[in-house]
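Engineer: Quick one: this structure, given as structure tokens, is what I'll be asking you about.
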Amino acid sequence: MHQIVRLLPKKRQTALFSATCSAKVEELVRAALRTNPLKIGVMEQRAESLTDSSINDLATREGLEQGYVVCSSEKRFLLLFTFLKKNKSKKIMVFFSSCASVRFHQELLNFIDLPVLSIHGKQKQQKRTCTFFQFCRAKTGTLLCTDVAARGLDIPSVDWIVQYDPPDEPREYIHRVGRTARGESGTGNALLILRPEELGFLRFLKAAKVTLNEYEFSWNKLANIQPQLERLISQNYYLNKSAKEAYKGYIRSYDSHSLKQIYDVNNLDLIKVCKSFGFEVPPYVDLPISNRSKLEKAIAKKSEIQNRQKPSVKAEKEFVPLKRKDKGRKDFKQNKKMKV
């Protein structure tokens, strides 16, 4: 940015727009604008935009109910699928860590008749804009997104924020949950999905004055579609390719987390992780993991040989568990405060 600014003519009019007023934004203001620039807020009481203290207020507002659920890697997709099926009448935003993961889950869920929309950074701006307004007008539905949708978007009447992939830091968590319970009398719910190894993130949230309740889930009522999911991914060429990219994107995003003591990529059980992407064994991809066990490497090599045989383009039609009746089931047992 400094190099770009130096190339601009000295006589110019510069406007800078931001949903928040963070330290990085202030640094950009000093670099790109003149001394004492005019600041204009969308609303009078927000003329200074969102400071650190006001950002924390987003996560402590009265109408926002927040909680987390502990879920092992191999059951993550089953949990998400069950939750979305149960809450078809709600308006939900689901956050992922990579664009590839958003694309794969959109393709998969739409294929198995669970309609969803998506917004991520690799879409063209026109596509993101159309999807944004489509979701704004909808009374119910699900939007899969990356953190490109965590800031600056005012979407009305969002019932649930689901953080399928954990945020990098408490500030990012707060920005995500800020998409619901908007307005003075707004209400909403937030669900954070954590692996048992990631529970340490709750300490960082507590330090940021964000307290979450633990949600109890009836695991015996989890939609048992894993065998059909693996068969579908193995037989559908396009979903198989998309799943590999999502699997690779998830691990690379995990490796880029700043809180290494919580999100340690070397502690990921790849055999369990691959299950949530519909693989029976981990596909062979170039991953930034230094100390994978010999067993995992052997399985990955075996999978590479299997994957050289191009999967059939024929789509799996026998997704039987998706057809079973699940209306009226109560999969989530909330504490007294929580209401779904």
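Each chain in the structure tokens gets a letter, A, B, ..., in the order shown, and its residues are numbered from 1; ligands are numbered from 1 in order too.
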Give me the residues near His2 (chain A) as a list in words, where near means some atom within 12 Å (using only C-alpha atoms) and where sequence neighbours in that chain fewer than 5 positions away do not count.

Structural biologist: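 So the residues in contact are Leu7, Leu8, Glu27, Leu28, Val29, Arg30, Ala31, Ala32 and Leu33 of chain A.
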
Engineer: Taking the DSSP secondary structure from the backbone, can you list the residues of region 19-154 of chain A that are alpha helix (DSSP H), as number ranges by chain?

Structural biologist: A: 23-32, 52-58, 76-86, 99-111, 125-137

Engineer: For a quick check of understanding, using only C-alpha atoms, which of A:Arg171, A:Thr146, A:Phe104, A:Ile4 has the smallest distance to Tyr238 (chain A)?

Structural biologist: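 Between A:Arg171, A:Thr146, A:Phe104, A:Ile4, the residue approaching Tyr238 (chain A) most closely is A:Phe104.
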
Engineer: Could you tell me, as a PyMOL selection string, which residues of region 13-187 of chain A DSSP assigns to strand (DSSP E) when given the backbone?

Structural biologist: chain A and resi 64-70+91-95+117-119+141-145+160-163

Engineer: Would you write out, as JSON lines, a table of all residues in region 101-173 of chain A that have an atom no more than 12 Å from an atom of region 80-85 of chain A, listing for each the closest atom pair and the distance in Å to one decimal, considering only C-alpha atoms and ordering rows by chain and rising residue number?

Structural biologist:
{"residue": "A:His105", "atom": "CA", "partner": "A:Phe81", "partner_atom": "CA", "distance": 10.2}
{"residue": "A:Gln106", "atom": "CA", "partner": "A:Phe81", "partner_atom": "CA", "distance": 11.8}
{"residue": "A:Leu108", "atom": "CA", "partner": "A:Phe81", "partner_atom": "CA", "distance": 10.6}
{"residue": "A:Leu109", "atom": "CA", "partner": "A:Phe81", "partner_atom": "CA", "distance": 8.3}
{"residue": "A:Asn110", "atom": "CA", "partner": "A:Phe81", "partner_atom": "CA", "distance": 11.7}
{"residue": "A:Ile112", "atom": "CA", "partner": "A:Phe81", "partner_atom": "CA", "distance": 10.4}
{"residue": "A:Asp113", "atom": "CA", "partner": "A:Lys85", "partner_atom": "CA", "distance": 10.2}
{"residue": "A:Leu114", "atom": "CA", "partner": "A:Lys85", "partner_atom": "CA", "distance": 7.5}
{"residue": "A:Pro115", "atom": "CA", "partner": "A:Leu84", "partner_atom": "CA", "distance": 10.0}
{"residue": "A:Val116", "atom": "CA", "partner": "A:Leu84", "partner_atom": "CA", "distance": 9.8}
{"residue": "A:Thr140", "atom": "CA", "partner": "A:Leu84", "partner_atom": "CA", "distance": 11.5}
{"residue": "A:Gly141", "atom": "CA", "partner": "A:Leu84", "partner_atom": "CA", "distance": 9.4}
{"residue": "A:Thr142", "atom": "CA", "partner": "A:Leu84", "partner_atom": "CA", "distance": 8.0}
{"residue": "A:Leu143", "atom": "CA", "partner": "A:Leu84", "partner_atom": "CA", "distance": 10.9}
{"residue": "A:Leu144", "atom": "CA", "partner": "A:Leu84", "partner_atom": "CA", "distance": 11.4}
{"residue": "A:Trp160", "atom": "CA", "partner": "A:Leu84", "partner_atom": "CA", "distance": 10.3}
{"residue": "A:Ile161", "atom": "CA", "partner": "A:Leu84", "partner_atom": "CA", "distance": 11.6}
{"residue": "A:Val162", "atom": "CA", "partner": "A:Leu80", "partner_atom": "CA", "distance": 8.8}
{"residue": "A:Gln163", "atom": "CA", "partner": "A:Leu80", "partner_atom": "CA", "distance": 10.1}
{"residue": "A:Tyr164", "atom": "CA", "partner": "A:Leu80", "partner_atom": "CA", "distance": 7.6}
{"residue": "A:Asp165", "atom": "CA", "partner": "A:Leu80", "partner_atom": "CA", "distance": 11.0}

Engineer: Based on the selection just made, write C-alpha atoms of those residues as an mmCIF file, in the first residue's frame.

Structural biologist:
data_model
loop_
_atom_site.group_PDB
_atom_site.id
_atom_site.type_symbol
_atom_site.label_atom_id
_atom_site.label_comp_id
_atom_site.auth_asym_id
_atom_site.auth_seq_id
_atom_site.Cartn_x
_atom_site.Cartn_y
_atom_site.Cartn_z
ATOM 1 C CA HIS A 105 -19.736 -28.022 1.333
ATOM 2 C CA GLN A 106 -22.005 -25.952 -0.904
ATOM 3 C CA LEU A 108 -22.194 -31.419 -1.356
ATOM 4 C CA LEU A 109 -25.162 -30.031 0.573
ATOM 5 C CA ASN A 110 -26.952 -28.851 -2.570
ATOM 6 C CA ILE A 112 -28.023 -34.062 -1.266
ATOM 7 C CA ASP A 113 -31.034 -31.730 -1.340
ATOM 8 C CA LEU A 114 -30.097 -29.379 1.479
ATOM 9 C CA PRO A 115 -30.086 -26.011 -0.363
ATOM 10 C CA VAL A 116 -27.449 -23.481 0.704
ATOM 11 C CA THR A 140 -35.052 -18.712 5.999
ATOM 12 C CA GLY A 141 -31.994 -20.391 4.540
ATOM 13 C CA THR A 142 -28.320 -21.131 5.047
ATOM 14 C CA LEU A 143 -25.303 -19.112 3.917
ATOM 15 C CA LEU A 144 -21.871 -20.762 3.915
ATOM 16 C CA TRP A 160 -27.877 -18.689 14.089
ATOM 17 C CA ILE A 161 -24.158 -18.101 13.589
ATOM 18 C CA VAL A 162 -22.371 -21.454 13.339
ATOM 19 C CA GLN A 163 -18.568 -21.404 13.467
ATOM 20 C CA TYR A 164 -17.801 -24.754 11.851
ATOM 21 C CA ASP A 165 -14.100 -23.936 11.704
#

Engineer: Per residue of region 180-263 of chain A within 12 Å of region 277-283 of chain A, record the nearest atom pair and its distance in Å to one decimal, counting only C-alpha atoms, with rows in chain order and ascending residue number, as a Markdown table.

Structural biologist:
| residue | atom | partner | partner_atom | distance |
| --- | --- | --- | --- | --- |
| A:Ile225 | CA | A:Gly278 | CA | 10.0 |
| A:Gln226 | CA | A:Gly278 | CA | 7.3 |
| A:Pro227 | CA | A:Gly278 | CA | 8.6 |
| A:Gln228 | CA | A:Gly278 | CA | 8.8 |
| A:Leu229 | CA | A:Gly278 | CA | 5.5 |
| A:Glu230 | CA | A:Gly278 | CA | 4.5 |
| A:Arg231 | CA | A:Gly278 | CA | 8.0 |
| A:Leu232 | CA | A:Gly278 | CA | 7.9 |
| A:Ile233 | CA | A:Gly278 | CA | 5.8 |
| A:Ser234 | CA | A:Phe279 | CA | 7.5 |
| A:Gln235 | CA | A:Gly278 | CA | 11.1 |
| A:Asn236 | CA | A:Gly278 | CA | 11.2 |
| A:Leu239 | CA | A:Gly278 | CA | 9.5 |
| A:Asn240 | CA | A:Gly278 | CA | 8.4 |
| A:Lys241 | CA | A:Pro283 | CA | 10.4 |
| A:Ser242 | CA | A:Phe277 | CA | 9.5 |
| A:Ala243 | CA | A:Phe277 | CA | 5.9 |
| A:Lys244 | CA | A:Pro283 | CA | 6.9 |
| A:Glu245 | CA | A:Phe277 | CA | 9.9 |
| A:Ala246 | CA | A:Phe277 | CA | 7.6 |
| A:Tyr247 | CA | A:Phe277 | CA | 6.5 |
| A:Lys248 | CA | A:Pro283 | CA | 9.1 |
| A:Gly249 | CA | A:Phe277 | CA | 11.4 |
| A:Tyr250 | CA | A:Phe277 | CA | 10.0 |
| A:Ile251 | CA | A:Pro282 | CA | 11.8 |

Engineer: Between A:Tyr237, A:Phe201, A:Tyr254, A:Trp219, which residue has the minimum interatomic distance to Ser72 (chain A), considering only C-alpha atoms?

Structural biologist: A:Trp219

Engineer: At a cut-off of 12 Å, using only C-alpha atoms, what residues contact Gln261 (chain A)? Leave out same-chain residues fewer than 4 positions from it and give the result as a list in words.

Structural biologist: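 Surrounding residues, per the criterion: Asp168, Glu197, Glu198, Leu199, Gly200, Phe201, Phe204, Tyr254, Asp255, His257, Val265, Asn266 and Asn267 of chain A.
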
Engineer: CA of Lys24 (chain A) and CA of Cys99 (chain A), how far apart in Å?

Structural biologist: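 It comes out at 23.7 Å.
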
Engineer: What separation in Å, quoted to one decimal, exists between CA of Ile119 (chain A) and CA of Leu64 (chain A)?

Structural biologist: 23.5 Å

Engineer: Of the candidates A:Leu192, A:Met1, A:Ala15, A:Val102, which shows the shortest atom-to-atom distance to Val148 (chain A), using only C-alpha atoms?

Structural biologist: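 Looking at the shortest contact to Val148 (chain A), the residue is A:Val102.
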